[in-house]
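Peer 1: Sharing a structure below in structure tokens format, with a few things to ask.
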Amino acid sequence: MTRRIRLIVLGVGIVAFAVSMALAFTGMPQFGGDLHAYRDAAVAATYAHDTANAVSSINFDQRGFDTFGEETILFCAVVGVAALLRPVYRERRREVSEAGHVLESTNLLVYFLFPLTVVLAVNVLAHGAVTPGGGFQGGVILSTGIHLLYVGGRYSLLRKLRPLAWFHQGEALGVVLFGALGITGAALGSALFANVIPQGQLGDFISSGTVPLFNIAVGMTVCSSVIVLLASFLDQALAIRAERVSDSGRTPRSGYEEGSAS
């Protein structure tokens, strides 16, 4: 394909996209008006399916297929980053010791915040169908909470608590579980990603049908993906520092100096 043809194809695509967006915007309800068809339908469907959290009902029930696409995009993006940052034969890996200077106040905060963050993450994920929260929020809180150990200078403990092989499988398992729940709705004679489990009582912890299961699937993928992502960047940073130290001929004061969060 010549450069001229590529530019013509690009121009046609831009014009088609601009026309589509113009038609979409002109067809939208007037700003500040009283007509909000999707809002009214979404709220009614939320109460009909006994999901106290309207956002979770929309994400994992009424537009579950879109949410599955978002989860898949996150999964593919993390896989791509992990592939780009994988160690090559020239990069060096050094074990990181517990030595090095970490403020006592930082250690104290980590001791308090680490268990609280883990409990908060589980609470946000488990109650996502009842109160604000869900799989996305709980997964991010849990993954970042685990890395508080690195801030407190406990890198070796962090490595023990986040076996990457498990989390590589966890992010894929979450995507598979989400897709399986969606196919189950179609297999039982309803729509794809439809809520086919008895909903229970509005406001109860065990309610909302498939919404809590979707939250668990998303939480698995988000938590595992963020942990794999942070581990890839952290390992790359350690490799770069080790290479710089080797090139300069300088011996670091401690093993943790290479892994300090600076």
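Within each chain, counting starts at residue 1; across the structure tokens, chains are named A, B, ... in the order shown, with ligands numbered 1 upward in that order.
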Got a sec: who's within 10 Å of Leu202 (chain A), counting only C-alpha atoms, leaving out chain neighbours fewer than 3 positions off, as a list in words?
Peer 2: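 What passes the distance filter is Thr46, Tyr47, Ala48, His49, Asp50, Thr51, Ala52, Asn53, Ala129, Val130, Gln199, Phe205, Ile206, Ser207 and Ser208 of chain A.
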Peer 1: Based on the selection just made, write C-alpha atoms of those residues as a PDB file, in the first residue's frame.
Peer 2:
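Output file result_18.pdb is given in full below:
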ATOM      1  CA  THR A  46     -31.197  -2.252  39.851  1.00  0.00           C
ATOM      2  CA  TYR A  47     -34.094  -2.513  42.295  1.00  0.00           C
ATOM      3  CA  ALA A  48     -35.734  -5.241  40.251  1.00  0.00           C
ATOM      4  CA  HIS A  49     -32.589  -7.355  40.614  1.00  0.00           C
ATOM      5  CA  ASP A  50     -32.223  -6.550  44.339  1.00  0.00           C
ATOM      6  CA  THR A  51     -28.795  -4.922  43.938  1.00  0.00           C
ATOM      7  CA  ALA A  52     -28.382  -2.115  46.465  1.00  0.00           C
ATOM      8  CA  ASN A  53     -25.336  -0.670  44.671  1.00  0.00           C
ATOM      9  CA  ALA A 129     -23.084  -5.331  45.540  1.00  0.00           C
ATOM     10  CA  VAL A 130     -24.414  -3.713  48.713  1.00  0.00           C
ATOM     11  CA  GLN A 199     -31.281 -12.429  43.798  1.00  0.00           C
ATOM     12  CA  PHE A 205     -25.016  -9.434  52.141  1.00  0.00           C
ATOM     13  CA  ILE A 206     -25.979 -12.507  50.096  1.00  0.00           C
ATOM     14  CA  SER A 207     -28.065 -10.930  47.369  1.00  0.00           C
ATOM     15  CA  SER A 208     -27.818  -9.510  43.837  1.00  0.00           C
TER      16      SER A 208
END
Peer 1: Tell me, as an mmCIF file with N, CA, C and O atoms, in the first residue's frame, which residues lie within 9 Å of region 126-128 of chain A, counting only C-alpha atoms; anything in the same chain fewer than 2 positions away does not count.
Peer 2:
data_model
loop_
_atom_site.group_PDB
_atom_site.id
_atom_site.type_symbol
_atom_site.label_atom_id
_atom_site.label_comp_id
_atom_site.auth_asym_id
_atom_site.auth_seq_id
_atom_site.Cartn_x
_atom_site.Cartn_y
_atom_site.Cartn_z
ATOM 1 N N ASN A 53 -26.310 -1.560 45.304
ATOM 2 C CA ASN A 53 -25.336 -0.670 44.671
ATOM 3 C C ASN A 53 -25.655 -0.580 43.179
ATOM 4 O O ASN A 53 -25.411 -1.513 42.423
ATOM 5 N N SER A 56 -22.699 -1.229 40.657
ATOM 6 C CA SER A 56 -22.363 -2.640 40.450
ATOM 7 C C SER A 56 -23.416 -3.332 39.599
ATOM 8 O O SER A 56 -23.101 -4.199 38.780
ATOM 9 N N ALA A 121 -9.563 -4.010 51.798
ATOM 10 C CA ALA A 121 -9.709 -4.518 50.431
ATOM 11 C C ALA A 121 -10.735 -5.648 50.373
ATOM 12 O O ALA A 121 -11.594 -5.669 49.484
ATOM 13 N N VAL A 122 -10.649 -6.578 51.317
ATOM 14 C CA VAL A 122 -11.609 -7.693 51.341
ATOM 15 C C VAL A 122 -13.018 -7.174 51.584
ATOM 16 O O VAL A 122 -13.998 -7.640 50.970
ATOM 17 N N ASN A 123 -13.156 -6.192 52.470
ATOM 18 C CA ASN A 123 -14.471 -5.626 52.763
ATOM 19 C C ASN A 123 -15.060 -4.915 51.539
ATOM 20 O O ASN A 123 -16.245 -5.082 51.220
ATOM 21 N N VAL A 124 -14.251 -4.138 50.848
ATOM 22 C CA VAL A 124 -14.728 -3.420 49.662
ATOM 23 C C VAL A 124 -15.136 -4.397 48.566
ATOM 24 O O VAL A 124 -16.152 -4.203 47.884
ATOM 25 N N VAL A 130 -23.544 -4.302 47.699
ATOM 26 C CA VAL A 130 -24.414 -3.713 48.713
ATOM 27 C C VAL A 130 -24.057 -2.253 48.973
ATOM 28 O O VAL A 130 -24.935 -1.399 49.121
ATOM 29 N N THR A 131 -22.761 -1.964 49.029
ATOM 30 C CA THR A 131 -22.272 -0.616 49.300
ATOM 31 C C THR A 131 -21.289 -0.215 48.205
ATOM 32 O O THR A 131 -20.851 -1.058 47.415
ATOM 33 N N PRO A 132 -20.907 1.061 48.121
ATOM 34 C CA PRO A 132 -19.941 1.479 47.100
ATOM 35 C C PRO A 132 -18.653 0.671 47.179
ATOM 36 O O PRO A 132 -18.094 0.454 48.255
ATOM 37 N N GLY A 133 -18.175 0.225 46.048
ATOM 38 C CA GLY A 133 -16.975 -0.603 45.981
ATOM 39 C C GLY A 133 -17.150 -1.671 44.926
ATOM 40 O O GLY A 133 -17.938 -1.539 44.002
ATOM 41 N N GLY A 134 -16.390 -2.741 45.058
ATOM 42 C CA GLY A 134 -16.490 -3.841 44.107
ATOM 43 C C GLY A 134 -15.142 -4.417 43.762
ATOM 44 O O GLY A 134 -14.132 -4.168 44.437
ATOM 45 N N GLY A 135 -15.112 -5.206 42.680
ATOM 46 C CA GLY A 135 -13.904 -5.928 42.317
ATOM 47 C C GLY A 135 -12.775 -5.032 41.871
ATOM 48 O O GLY A 135 -11.612 -5.271 42.232
ATOM 49 N N GLN A 137 -12.155 -1.795 42.664
ATOM 50 C CA GLN A 137 -11.609 -1.042 43.786
ATOM 51 C C GLN A 137 -10.904 -1.953 44.783
ATOM 52 O O GLN A 137 -9.791 -1.659 45.242
ATOM 53 N N GLY A 138 -11.551 -3.073 45.145
ATOM 54 C CA GLY A 138 -10.938 -3.987 46.102
ATOM 55 C C GLY A 138 -9.651 -4.596 45.589
ATOM 56 O O GLY A 138 -8.692 -4.771 46.348
ATOM 57 N N PHE A 205 -26.378 -9.162 52.606
ATOM 58 C CA PHE A 205 -25.016 -9.434 52.141
ATOM 59 C C PHE A 205 -25.029 -10.455 51.010
ATOM 60 O O PHE A 205 -24.329 -10.304 50.009
ATOM 61 N N VAL A 211 -23.931 -10.779 40.665
ATOM 62 C CA VAL A 211 -23.090 -9.587 40.835
ATOM 63 C C VAL A 211 -21.916 -9.847 41.780
ATOM 64 O O VAL A 211 -20.766 -9.493 41.470
ATOM 65 N N PRO A 212 -22.103 -10.468 42.966
ATOM 66 C CA PRO A 212 -20.948 -10.738 43.824
ATOM 67 C C PRO A 212 -19.920 -11.669 43.164
ATOM 68 O O PRO A 212 -18.714 -11.507 43.380
ATOM 69 N N ASN A 215 -17.907 -9.659 40.856
ATOM 70 C CA ASN A 215 -16.966 -8.855 41.637
ATOM 71 C C ASN A 215 -15.731 -9.664 42.014
ATOM 72 O O ASN A 215 -14.603 -9.164 41.963
ATOM 73 N N ILE A 216 -15.944 -10.914 42.410
ATOM 74 C CA ILE A 216 -14.809 -11.775 42.767
ATOM 75 C C ILE A 216 -13.909 -12.009 41.557
ATOM 76 O O ILE A 216 -12.675 -11.939 41.645
#
Peer 1: Which of these, A:Cys223, A:Ala24, A:Ile240, A:Ala82, has the shortest distance to His147 (chain A) once you count only C-alpha atoms?
Peer 2: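 Nearest candidate to His147 (chain A) out of A:Cys223, A:Ala24, A:Ile240, A:Ala82: A:Cys223.
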Peer 1: What does the distance between CA of Leu74 (chain A) and CA of Val175 (chain A) come to in Å, to one decimal place?
Peer 2: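 Those two atoms sit 10.0 Å apart.
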Peer 1: Under the rule that only C-alpha atoms are counted, which of A:Ile146, A:Ala22, A:Met220, A:Leu120 is the nearest residue to Leu173 (chain A)?
Peer 2: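 For Leu173 (chain A), the nearest of the candidates is A:Met220.
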Peer 1: Nearest residue to Cys76 (chain A) out of A:Leu116, A:Ala41, A:Leu229, A:Val110, using only C-alpha atoms?
Peer 2: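 When distances to Cys76 (chain A) are compared using only C-alpha atoms, the smallest one comes from A:Leu229.
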Peer 1: Write down as a PyMOL selection string the residues of region 9-233 of chain A whose backbone DSSP state falls under helix (DSSP H, G or I).
Peer 2: chain A and resi 9-26+37-48+54-62+64-84+104-126+135-146+148-151+155-161+164-187+211-233
